[in-house]
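Source file: data.cif; contents: mmCIF, C-alpha atoms.
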data_structure
#
loop_
_atom_site.label_atom_id
_atom_site.label_comp_id
_atom_site.auth_asym_id
_atom_site.auth_seq_id
_atom_site.Cartn_x
_atom_site.Cartn_y
_atom_site.Cartn_z
CA MET A 1 0.00 0.00 0.00
CA ALA A 2 1.37 3.44 -0.93
CA ILE A 3 2.49 5.89 1.72
CA SER A 4 1.23 9.47 1.65
CA LEU A 5 2.62 12.54 3.39
CA THR A 6 0.53 15.65 3.95
CA PHE A 7 2.62 18.71 4.80
CA LEU A 8 0.77 20.83 7.36
CA GLY A 9 3.39 23.57 7.31
CA HIS A 10 6.49 24.28 9.44
CA SER A 11 7.53 20.79 10.67
CA ALA A 12 4.07 19.25 10.82
CA PHE A 13 2.96 16.24 8.79
CA LEU A 14 0.29 13.63 8.47
CA ILE A 15 1.78 10.30 7.45
CA SER A 16 -0.64 7.61 6.30
CA ASP A 17 -0.63 4.11 4.85
CA GLY A 18 -4.32 4.33 3.97
CA LYS A 19 -5.41 2.58 7.18
CA HIS A 20 -3.45 4.39 9.87
CA THR A 21 -2.42 8.02 10.18
CA ILE A 22 0.15 9.55 12.49
CA ALA A 23 0.41 13.32 12.93
CA ILE A 24 3.91 14.62 13.60
CA ASP A 25 4.44 17.92 15.47
CA PRO A 26 0.92 19.13 14.53
CA PHE A 27 1.33 22.89 14.84
CA LEU A 28 -1.80 24.41 13.22
CA THR A 29 -3.36 27.09 15.44
CA ASP A 30 -1.26 30.26 15.25
CA ASN A 31 0.81 28.75 12.44
CA PRO A 32 0.90 31.57 9.85
CA VAL A 33 1.45 29.21 6.90
CA ALA A 34 -0.99 26.42 7.84
CA THR A 35 -3.88 25.82 5.45
CA MET A 36 -5.70 23.30 7.67
CA LYS A 37 -7.29 23.60 11.10
CA SER A 38 -7.15 21.03 13.86
CA GLU A 39 -10.75 20.04 13.21
CA ASP A 40 -9.74 19.06 9.66
CA VAL A 41 -7.29 16.43 10.95
CA THR A 42 -8.08 12.78 11.60
CA CYS A 43 -5.39 10.55 13.10
CA GLN A 44 -4.90 7.59 15.41
CA TYR A 45 -1.42 8.58 16.63
CA ILE A 46 0.48 11.80 17.31
CA GLY A 47 4.29 11.89 17.44
CA ILE A 48 6.06 14.83 19.08
CA THR A 49 9.78 15.50 18.62
CA HIS A 50 10.22 18.03 21.44
CA GLY A 51 8.41 20.43 23.70
CA HIS A 52 8.51 23.79 21.93
CA PHE A 53 5.14 25.40 21.20
CA ASP A 54 5.60 25.15 17.43
CA HIS A 55 5.89 21.36 17.70
CA ILE A 56 3.45 20.47 20.48
CA GLY A 57 1.00 22.74 18.66
CA ASP A 58 -2.52 21.28 18.63
CA SER A 59 -1.54 17.88 20.04
CA ILE A 60 -3.82 18.07 23.07
CA GLU A 61 -6.89 19.05 21.05
CA LEU A 62 -6.18 16.47 18.35
CA ALA A 63 -5.62 13.68 20.87
CA LYS A 64 -8.92 14.40 22.60
CA ALA A 65 -10.93 14.87 19.41
CA ASN A 66 -9.58 11.70 17.77
CA ASP A 67 -9.01 9.52 20.85
CA ALA A 68 -5.46 9.40 19.49
CA CYS A 69 -2.37 8.13 21.27
CA ILE A 70 0.49 10.58 21.83
CA ILE A 71 3.99 9.13 21.38
CA ALA A 72 6.60 11.34 23.02
CA THR A 73 9.32 11.57 25.65
CA PHE A 74 8.41 10.70 29.23
CA GLU A 75 8.18 14.36 30.23
CA ILE A 76 5.92 15.34 27.33
CA ALA A 77 3.73 12.26 27.83
CA SER A 78 3.36 13.08 31.53
CA PHE A 79 2.43 16.67 30.69
CA MET A 80 -0.17 15.43 28.20
CA GLU A 81 -1.73 13.22 30.88
CA SER A 82 -1.91 16.24 33.18
CA GLN A 83 -3.88 18.00 30.44
CA GLY A 84 -6.44 15.19 30.22
CA VAL A 85 -5.05 13.18 27.33
CA GLN A 86 -6.11 9.56 27.87
CA LYS A 87 -3.70 7.66 25.64
CA VAL A 88 0.07 8.20 25.80
CA GLU A 89 3.11 6.08 24.99
CA PRO A 90 6.19 7.52 26.73
CA ALA A 91 9.71 6.71 25.56
CA ASN A 92 13.14 8.28 25.37
CA THR A 93 16.20 8.49 23.15
CA GLY A 94 17.13 5.06 21.84
CA GLY A 95 13.71 3.62 22.64
CA ARG A 96 11.20 2.13 20.24
CA ILE A 97 7.42 1.78 20.46
CA GLN A 98 5.47 -0.82 18.49
CA THR A 99 2.25 0.38 16.88
CA ASP A 100 -0.55 -0.92 14.69
CA PHE A 101 1.22 0.47 11.62
CA GLY A 102 4.81 -0.51 12.50
CA TRP A 103 6.96 1.32 15.04
CA VAL A 104 8.35 4.68 16.15
CA ALA A 105 11.94 4.98 17.38
CA PHE A 106 13.47 7.95 19.19
CA THR A 107 16.83 9.31 18.05
CA GLN A 108 19.04 12.07 19.39
CA ALA A 109 18.69 15.64 18.18
CA PHE A 110 20.78 18.67 19.12
CA HIS A 111 18.36 21.36 20.23
CA SER A 112 16.40 22.31 23.39
CA SER A 113 12.97 21.35 24.71
CA SER A 114 10.61 23.30 26.96
CA TYR A 115 7.01 24.43 26.87
CA ALA A 116 6.74 28.03 28.01
CA GLY A 117 3.91 30.20 29.18
CA LEU A 118 0.67 30.14 31.13
CA SER A 119 -0.75 27.41 28.91
CA ALA A 120 1.85 25.10 30.45
CA GLY A 121 0.60 25.86 33.95
CA GLY A 122 3.01 28.61 34.97
CA THR A 123 5.04 31.60 33.92
CA GLU A 124 8.45 29.95 33.80
CA GLY A 125 7.73 27.16 31.36
CA VAL A 126 7.98 23.42 31.79
CA TYR A 127 11.02 21.22 31.06
CA MET A 128 10.01 18.69 28.41
CA GLY A 129 12.94 16.28 28.40
CA MET A 130 15.52 15.85 25.68
CA PRO A 131 14.71 16.78 22.08
CA ASN A 132 14.50 13.91 19.64
CA GLY A 133 14.18 12.93 16.04
CA LEU A 134 11.65 10.25 15.15
CA MET A 135 12.09 7.21 12.93
CA ILE A 136 8.61 6.22 11.79
CA ASN A 137 8.27 2.80 10.19
CA ILE A 138 4.87 2.61 8.52
CA ASP A 139 3.84 -0.29 6.28
CA GLY A 140 7.52 -1.20 5.85
CA THR A 141 8.73 2.29 4.88
CA THR A 142 10.96 4.20 7.30
CA ILE A 143 10.69 7.98 7.49
CA TYR A 144 13.20 9.98 9.53
CA HIS A 145 11.75 13.18 10.93
CA CYS A 146 14.95 14.84 12.12
CA GLY A 147 13.15 17.17 14.52
CA ASP A 148 14.90 20.46 15.22
CA THR A 149 18.61 19.78 15.12
CA ASP A 150 22.09 20.61 13.98
CA VAL A 151 23.94 18.18 11.75
CA PHE A 152 25.88 15.54 13.73
CA GLY A 153 28.16 12.72 12.70
CA ASP A 154 26.05 9.97 14.25
CA MET A 155 23.44 10.56 11.56
CA ALA A 156 25.57 8.06 9.64
CA LEU A 157 25.11 5.55 12.47
CA LEU A 158 21.36 6.16 12.43
CA ARG A 159 21.44 5.47 8.69
CA ASP A 160 23.14 2.13 9.30
CA ILE A 161 20.69 1.17 12.04
CA TYR A 162 17.39 2.30 10.54
CA GLN A 163 18.06 2.76 6.79
CA PRO A 164 15.36 5.42 6.29
CA GLU A 165 14.03 5.82 2.78
CA ILE A 166 12.69 9.35 3.40
CA ALA A 167 14.22 12.14 5.51
CA LEU A 168 12.35 15.26 6.67
CA VAL A 169 15.12 17.76 7.26
CA PRO A 170 15.00 21.26 8.82
CA ILE A 171 16.63 23.96 6.69
CA GLY A 172 15.51 27.25 8.28
CA GLY A 173 18.76 28.20 9.98
CA ARG A 174 19.07 30.18 13.23
CA PHE A 175 17.30 27.52 15.36
CA THR A 176 18.26 24.53 13.20
CA MET A 177 20.44 23.70 10.22
CA ASP A 178 20.42 25.97 7.19
CA PRO A 179 20.30 24.52 3.65
CA ALA A 180 24.07 23.97 3.45
CA LEU A 181 24.23 22.11 6.75
CA ALA A 182 21.05 20.21 5.91
CA MET A 183 22.66 18.92 2.71
CA ARG A 184 25.59 17.69 4.79
CA ALA A 185 23.07 15.89 6.98
CA VAL A 186 21.48 14.23 3.96
CA ASP A 187 24.93 13.11 2.82
CA LEU A 188 25.23 11.26 6.14
CA ILE A 189 21.68 9.86 6.22
CA LYS A 190 21.64 8.81 2.55
CA PRO A 191 17.86 8.51 2.13
CA LYS A 192 16.21 7.93 -1.23
CA CYS A 193 14.11 11.10 -0.79
CA ALA A 194 14.48 14.28 1.25
CA VAL A 195 11.88 16.91 2.19
CA PRO A 196 12.93 20.34 3.52
CA ILE A 197 11.00 21.52 6.60
CA HIS A 198 11.05 24.19 9.33
CA TYR A 199 11.53 27.20 7.06
CA ASN A 200 9.59 30.27 5.84
CA THR A 201 7.15 30.17 8.75
CA TRP A 202 8.46 33.47 10.14
CA PRO A 203 11.06 35.99 8.87
CA PRO A 204 13.96 34.70 11.04
CA ILE A 205 13.83 31.33 9.26
CA GLU A 206 13.22 32.49 5.71
CA GLN A 207 15.12 30.39 3.18
CA ASP A 208 15.01 29.60 -0.52
CA ALA A 209 14.15 25.90 -0.65
CA ASN A 210 15.96 25.66 -4.00
CA ASP A 211 19.21 26.09 -2.04
CA PHE A 212 18.52 22.69 -0.53
CA ALA A 213 19.52 20.37 -3.37
CA PRO A 214 21.40 17.33 -2.05
CA ASN A 215 23.21 15.25 -4.66
CA GLY A 216 21.80 11.90 -5.71
CA VAL A 217 18.61 12.27 -3.68
CA HIS A 218 15.07 12.97 -4.86
CA THR A 219 14.10 16.28 -3.25
CA GLN A 220 10.39 16.80 -2.63
CA ARG A 221 9.68 20.45 -1.84
CA MET A 222 6.16 20.67 -0.42
CA LYS A 223 3.75 23.54 0.15
CA PRO A 224 1.52 23.61 3.24
CA GLY A 225 -1.57 21.54 2.55
CA GLU A 226 0.09 19.55 -0.23
CA VAL A 227 -0.24 15.76 -0.29
CA TRP A 228 2.60 13.63 -1.62
CA ASP A 229 1.64 10.11 -2.63
CA VAL A 230 5.04 8.48 -2.56
CA ASP A 231 5.89 6.58 -5.73
CA PRO A 232 7.09 3.14 -4.55
CA ALA A 233 9.73 3.23 -7.31
CA LEU A 234 11.38 6.22 -5.61
CA ILE A 235 12.06 4.33 -2.41
CA ALA A 236 12.68 0.84 -3.83
#
Show this structure as structure tokens.
Amino acid sequence: MAISLTFLGHSAFLISDGKHTIAIDPFLTDNPVATMKSEDVTCQYIGITHGHFDHIGDSIELAKANDACIIATFEIASFMESQGVQKVEPANTGGRIQTDFGWVAFTQAFHSSSYAGLSAGGTEGVYMGMPNGLMINIDGTTIYHCGDTDVFGDMALLRDIYQPEIALVPIGGRFTMDPALAMRAVDLIKPKCAVPIHYNTWPPIEQDANDFAPNGVHTQRMKPGEVWDVDPALIA
């Protein structure tokens, strides 16, 4: 069965095999480039890479509306339970969770992770554990959502362990890699396809996606709201 990716804008995706859908970092409300609202989204699972507002996004509302299970670090999962989310699967870096569609594994990412503001229950913000990337294996295809990160040499080790066919790679700069560093990351990961993410949401992370052009890799540049039905021949 073909895999489809719906780009929700920023770093947010819906990934589906036609039977199961997992939302990743579903930041919709207050996302200036999003074309969908949380009520437009149907999913059974929600994966969260780290605790920043632009990645937790609408996770609480989506989990409650869809009776969906949130897959996240222990700290994020505990916070979600405190907000009334009924289904959570906590894990941490190096861990793996089995699901109806395959599995989700947690990888390291070089970033930070906290959820700030009154919505988190205080004025100082809440520590949300270590940031992560997510390896999502769905119907036999492995997709590496890098999360927010710098390039790091162990991406080559992650390639050897998980062999992802598709990589979702931040290119916005300032808070993550820019296009040049992101291409170095793709050189280490060696996926069949790469999708640039986490750019052009706000002025500080404006980038020309055409500057992200890794050699020997199919590059799928997606607009918010666009659906990519992955050609099996691309990832064979």
Point-to-point distance from CA of Asp17 in chain A to CA of Ile197 in chain A, Å rounded to tenths: 21.0 Å
Determine the residue set returned by the PyMOL selection byres ((chain A and resi 73-89) around 8) for the present structure, and present it as a list in words.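 With the PyMOL selection byres ((chain A and resi 73-89) around 8) on this model, the match is His50, Gly51, Ile60, Ala63, Lys64, Asp67, Ala68, Cys69, Ile70, Ile71, Ala72, Pro90, Ala91, Asn92, Thr93, Ile97, Tyr127, Met128, Gly129 and Met130 of chain A.
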Contacts between range 199-205 of chain A and range 31-82 of chain A, please, where a residue of range 31-82 of chain A counts if it comes within 12 Å (with only C-alpha atoms); show its shortest atom pair and distance in Å to one decimal, rows by chain and ascending number, as CSV.
residue,atom,partner,partner_atom,distance
A:Asn31,CA,A:Thr201,CA,7.5
A:Pro32,CA,A:Thr201,CA,6.5
A:Val33,CA,A:Thr201,CA,6.1
A:Ala34,CA,A:Thr201,CA,9.0
A:Asp54,CA,A:Thr201,CA,10.1
Could you state the separation of CA of Ser4 in chain A and CA of Cys146 in chain A in Å, given to one decimal place?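 Computing the Euclidean distance for CA of Ser4 in chain A and CA of Cys146 in chain A yields 18.1 Å.
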Enter the distance from CA of Thr142 in chain A to CA of Ala2 in chain A, in Å, rounded to one decimal.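 Separation between CA of Thr142 in chain A and CA of Ala2 in chain A: 12.7 Å.
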Could you state which residues are captured by the PyMOL selection byres ((chain A and resi 98) around 12) in this file, as a PyMOL selection string? chain A and resi 45+71+89-91+95-97+99-106+135-138
For the structure provided, state which residues fall under the PyMOL selection byres ((chain A and resi 226-229) around 10), and present them as a compact mmCIF listing (two decimals) with C-alpha atoms, keeping the file's coordinate frame.
# COMPACT_ATOMS: atom_id res chain seq x y z
CA ALA A 2 1.37 3.44 -0.93
CA ILE A 3 2.49 5.89 1.72
CA SER A 4 1.23 9.47 1.65
CA LEU A 5 2.62 12.54 3.39
CA THR A 6 0.53 15.65 3.95
CA PHE A 7 2.62 18.71 4.80
CA LEU A 8 0.77 20.83 7.36
CA GLY A 9 3.39 23.57 7.31
CA PHE A 13 2.96 16.24 8.79
CA LEU A 14 0.29 13.63 8.47
CA ILE A 15 1.78 10.30 7.45
CA SER A 16 -0.64 7.61 6.30
CA ASP A 17 -0.63 4.11 4.85
CA THR A 35 -3.88 25.82 5.45
CA GLN A 220 10.39 16.80 -2.63
CA ARG A 221 9.68 20.45 -1.84
CA MET A 222 6.16 20.67 -0.42
CA LYS A 223 3.75 23.54 0.15
CA PRO A 224 1.52 23.61 3.24
CA GLY A 225 -1.57 21.54 2.55
CA VAL A 230 5.04 8.48 -2.56
CA ASP A 231 5.89 6.58 -5.73
CA PRO A 232 7.09 3.14 -4.55
Residues within 9 Å of Asp148 in chain A, please, as a list in words. Count all atoms listed in the file; anything in the same chain fewer than 4 positions from it doesn't count. Ser11, Thr49, His50, Ala109, Phe110, His111, Ser112, Pro131, Asn132, Gly133, Val169, Pro170, Phe175, Thr176, Met177 and His198 of chain A
Nearest to Arg174 in chain A: which of A:Asp150, A:Asp187, A:Asp211, A:Asp25 is it, counting all atoms listed in the file? A:Asp150
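Of the listed residues (A:Ile171, A:Val126, A:Ile161, A:Ile46), A:Ile171 comes nearest to Asn210 in chain A; the distances count only C-alpha atoms.
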Using the atoms already present, construct N, CA and C atoms for range 186-220 of chain A and hand them back as an mmCIF file, in the frame of the given file.
data_model
loop_
_atom_site.group_PDB
_atom_site.id
_atom_site.type_symbol
_atom_site.label_atom_id
_atom_site.label_comp_id
_atom_site.auth_asym_id
_atom_site.auth_seq_id
_atom_site.Cartn_x
_atom_site.Cartn_y
_atom_site.Cartn_z
ATOM 1 N N VAL A 186 22.006 15.210 4.916
ATOM 2 C CA VAL A 186 21.480 14.230 3.960
ATOM 3 C C VAL A 186 22.609 13.350 3.434
ATOM 4 N N ASP A 187 23.787 13.914 3.253
ATOM 5 C CA ASP A 187 24.930 13.110 2.820
ATOM 6 C C ASP A 187 25.217 11.988 3.822
ATOM 7 N N LEU A 188 24.984 12.267 5.102
ATOM 8 C CA LEU A 188 25.230 11.260 6.140
ATOM 9 C C LEU A 188 24.091 10.247 6.223
ATOM 10 N N ILE A 189 22.856 10.729 6.072
ATOM 11 C CA ILE A 189 21.680 9.860 6.220
ATOM 12 C C ILE A 189 21.483 8.972 4.999
ATOM 13 N N LYS A 190 21.771 9.516 3.824
ATOM 14 C CA LYS A 190 21.640 8.810 2.550
ATOM 15 C C LYS A 190 20.243 8.200 2.330
ATOM 16 N N PRO A 191 19.191 9.008 2.449
ATOM 17 C CA PRO A 191 17.860 8.510 2.130
ATOM 18 C C PRO A 191 17.658 8.455 0.618
ATOM 19 N N LYS A 192 16.575 7.878 0.186
ATOM 20 C CA LYS A 192 16.210 7.930 -1.230
ATOM 21 C C LYS A 192 15.566 9.267 -1.577
ATOM 22 N N CYS A 193 14.830 9.845 -0.595
ATOM 23 C CA CYS A 193 14.110 11.100 -0.790
ATOM 24 C C CYS A 193 14.315 12.007 0.417
ATOM 25 N N ALA A 194 14.348 13.305 0.167
ATOM 26 C CA ALA A 194 14.480 14.280 1.250
ATOM 27 C C ALA A 194 13.448 15.385 1.074
ATOM 28 N N VAL A 195 12.881 15.841 2.198
ATOM 29 C CA VAL A 195 11.880 16.910 2.190
ATOM 30 C C VAL A 195 12.364 18.012 3.123
ATOM 31 N N PRO A 196 12.541 19.241 2.634
ATOM 32 C CA PRO A 196 12.930 20.340 3.520
ATOM 33 C C PRO A 196 11.758 20.798 4.376
ATOM 34 N N ILE A 197 12.038 21.077 5.663
ATOM 35 C CA ILE A 197 11.000 21.520 6.600
ATOM 36 C C ILE A 197 11.551 22.634 7.481
ATOM 37 N N HIS A 198 10.675 23.186 8.330
ATOM 38 C CA HIS A 198 11.050 24.190 9.330
ATOM 39 C C HIS A 198 11.715 25.406 8.689
ATOM 40 N N TYR A 199 11.028 25.987 7.709
ATOM 41 C CA TYR A 199 11.530 27.200 7.060
ATOM 42 C C TYR A 199 10.351 28.013 6.537
ATOM 43 N N ASN A 200 10.567 29.328 6.405
ATOM 44 C CA ASN A 200 9.590 30.270 5.840
ATOM 45 C C ASN A 200 8.296 30.387 6.633
ATOM 46 N N THR A 201 8.323 29.962 7.892
ATOM 47 C CA THR A 201 7.150 30.170 8.750
ATOM 48 C C THR A 201 7.120 31.593 9.274
ATOM 49 N N TRP A 202 8.294 32.105 9.650
ATOM 50 C CA TRP A 202 8.460 33.470 10.140
ATOM 51 C C TRP A 202 9.732 34.052 9.519
ATOM 52 N N PRO A 203 9.874 35.376 9.496
ATOM 53 C CA PRO A 203 11.060 35.990 8.870
ATOM 54 C C PRO A 203 12.406 35.456 9.342
ATOM 55 N N PRO A 204 12.620 35.162 10.640
ATOM 56 C CA PRO A 204 13.960 34.700 11.040
ATOM 57 C C PRO A 204 14.402 33.388 10.402
ATOM 58 N N ILE A 205 13.442 32.606 9.877
ATOM 59 C CA ILE A 205 13.830 31.330 9.260
ATOM 60 C C ILE A 205 13.462 31.295 7.781
ATOM 61 N N GLU A 206 13.476 32.448 7.151
ATOM 62 C CA GLU A 206 13.220 32.490 5.710
ATOM 63 C C GLU A 206 14.410 31.904 4.950
ATOM 64 N N GLN A 207 14.105 31.018 4.021
ATOM 65 C CA GLN A 207 15.120 30.390 3.180
ATOM 66 C C GLN A 207 14.534 30.124 1.801
ATOM 67 N N ASP A 208 15.400 30.038 0.806
ATOM 68 C CA ASP A 208 15.010 29.600 -0.520
ATOM 69 C C ASP A 208 15.189 28.080 -0.562
ATOM 70 N N ALA A 209 14.079 27.365 -0.672
ATOM 71 C CA ALA A 209 14.150 25.900 -0.650
ATOM 72 C C ALA A 209 14.973 25.351 -1.803
ATOM 73 N N ASN A 210 15.136 26.119 -2.873
ATOM 74 C CA ASN A 210 15.960 25.660 -4.000
ATOM 75 C C ASN A 210 17.434 25.556 -3.619
ATOM 76 N N ASP A 211 17.829 26.209 -2.513
ATOM 77 C CA ASP A 211 19.210 26.090 -2.040
ATOM 78 C C ASP A 211 19.465 24.752 -1.385
ATOM 79 N N PHE A 212 18.397 24.034 -1.080
ATOM 80 C CA PHE A 212 18.520 22.690 -0.530
ATOM 81 C C PHE A 212 18.382 21.708 -1.681
ATOM 82 N N ALA A 213 19.510 21.239 -2.185
ATOM 83 C CA ALA A 213 19.520 20.370 -3.370
ATOM 84 C C ALA A 213 20.598 19.309 -3.194
ATOM 85 N N PRO A 214 20.375 18.364 -2.290
ATOM 86 C CA PRO A 214 21.400 17.330 -2.050
ATOM 87 C C PRO A 214 21.616 16.458 -3.281
ATOM 88 N N ASN A 215 22.856 16.059 -3.488
ATOM 89 C CA ASN A 215 23.210 15.250 -4.660
ATOM 90 C C ASN A 215 22.694 13.823 -4.528
ATOM 91 N N GLY A 216 22.181 13.308 -5.641
ATOM 92 C CA GLY A 216 21.800 11.900 -5.710
ATOM 93 C C GLY A 216 20.576 11.533 -4.914
ATOM 94 N N VAL A 217 19.792 12.517 -4.498
ATOM 95 C CA VAL A 217 18.610 12.270 -3.680
ATOM 96 C C VAL A 217 17.419 12.986 -4.304
ATOM 97 N N HIS A 218 16.289 12.302 -4.398
ATOM 98 C CA HIS A 218 15.070 12.970 -4.860
ATOM 99 C C HIS A 218 14.632 13.969 -3.799
ATOM 100 N N THR A 219 14.517 15.234 -4.180
ATOM 101 C CA THR A 219 14.100 16.280 -3.250
ATOM 102 C C THR A 219 12.658 16.649 -3.527
ATOM 103 N N GLN A 220 11.810 16.496 -2.510
ATOM 104 C CA GLN A 220 10.390 16.800 -2.630
ATOM 105 C C GLN A 220 10.107 18.064 -1.820
#
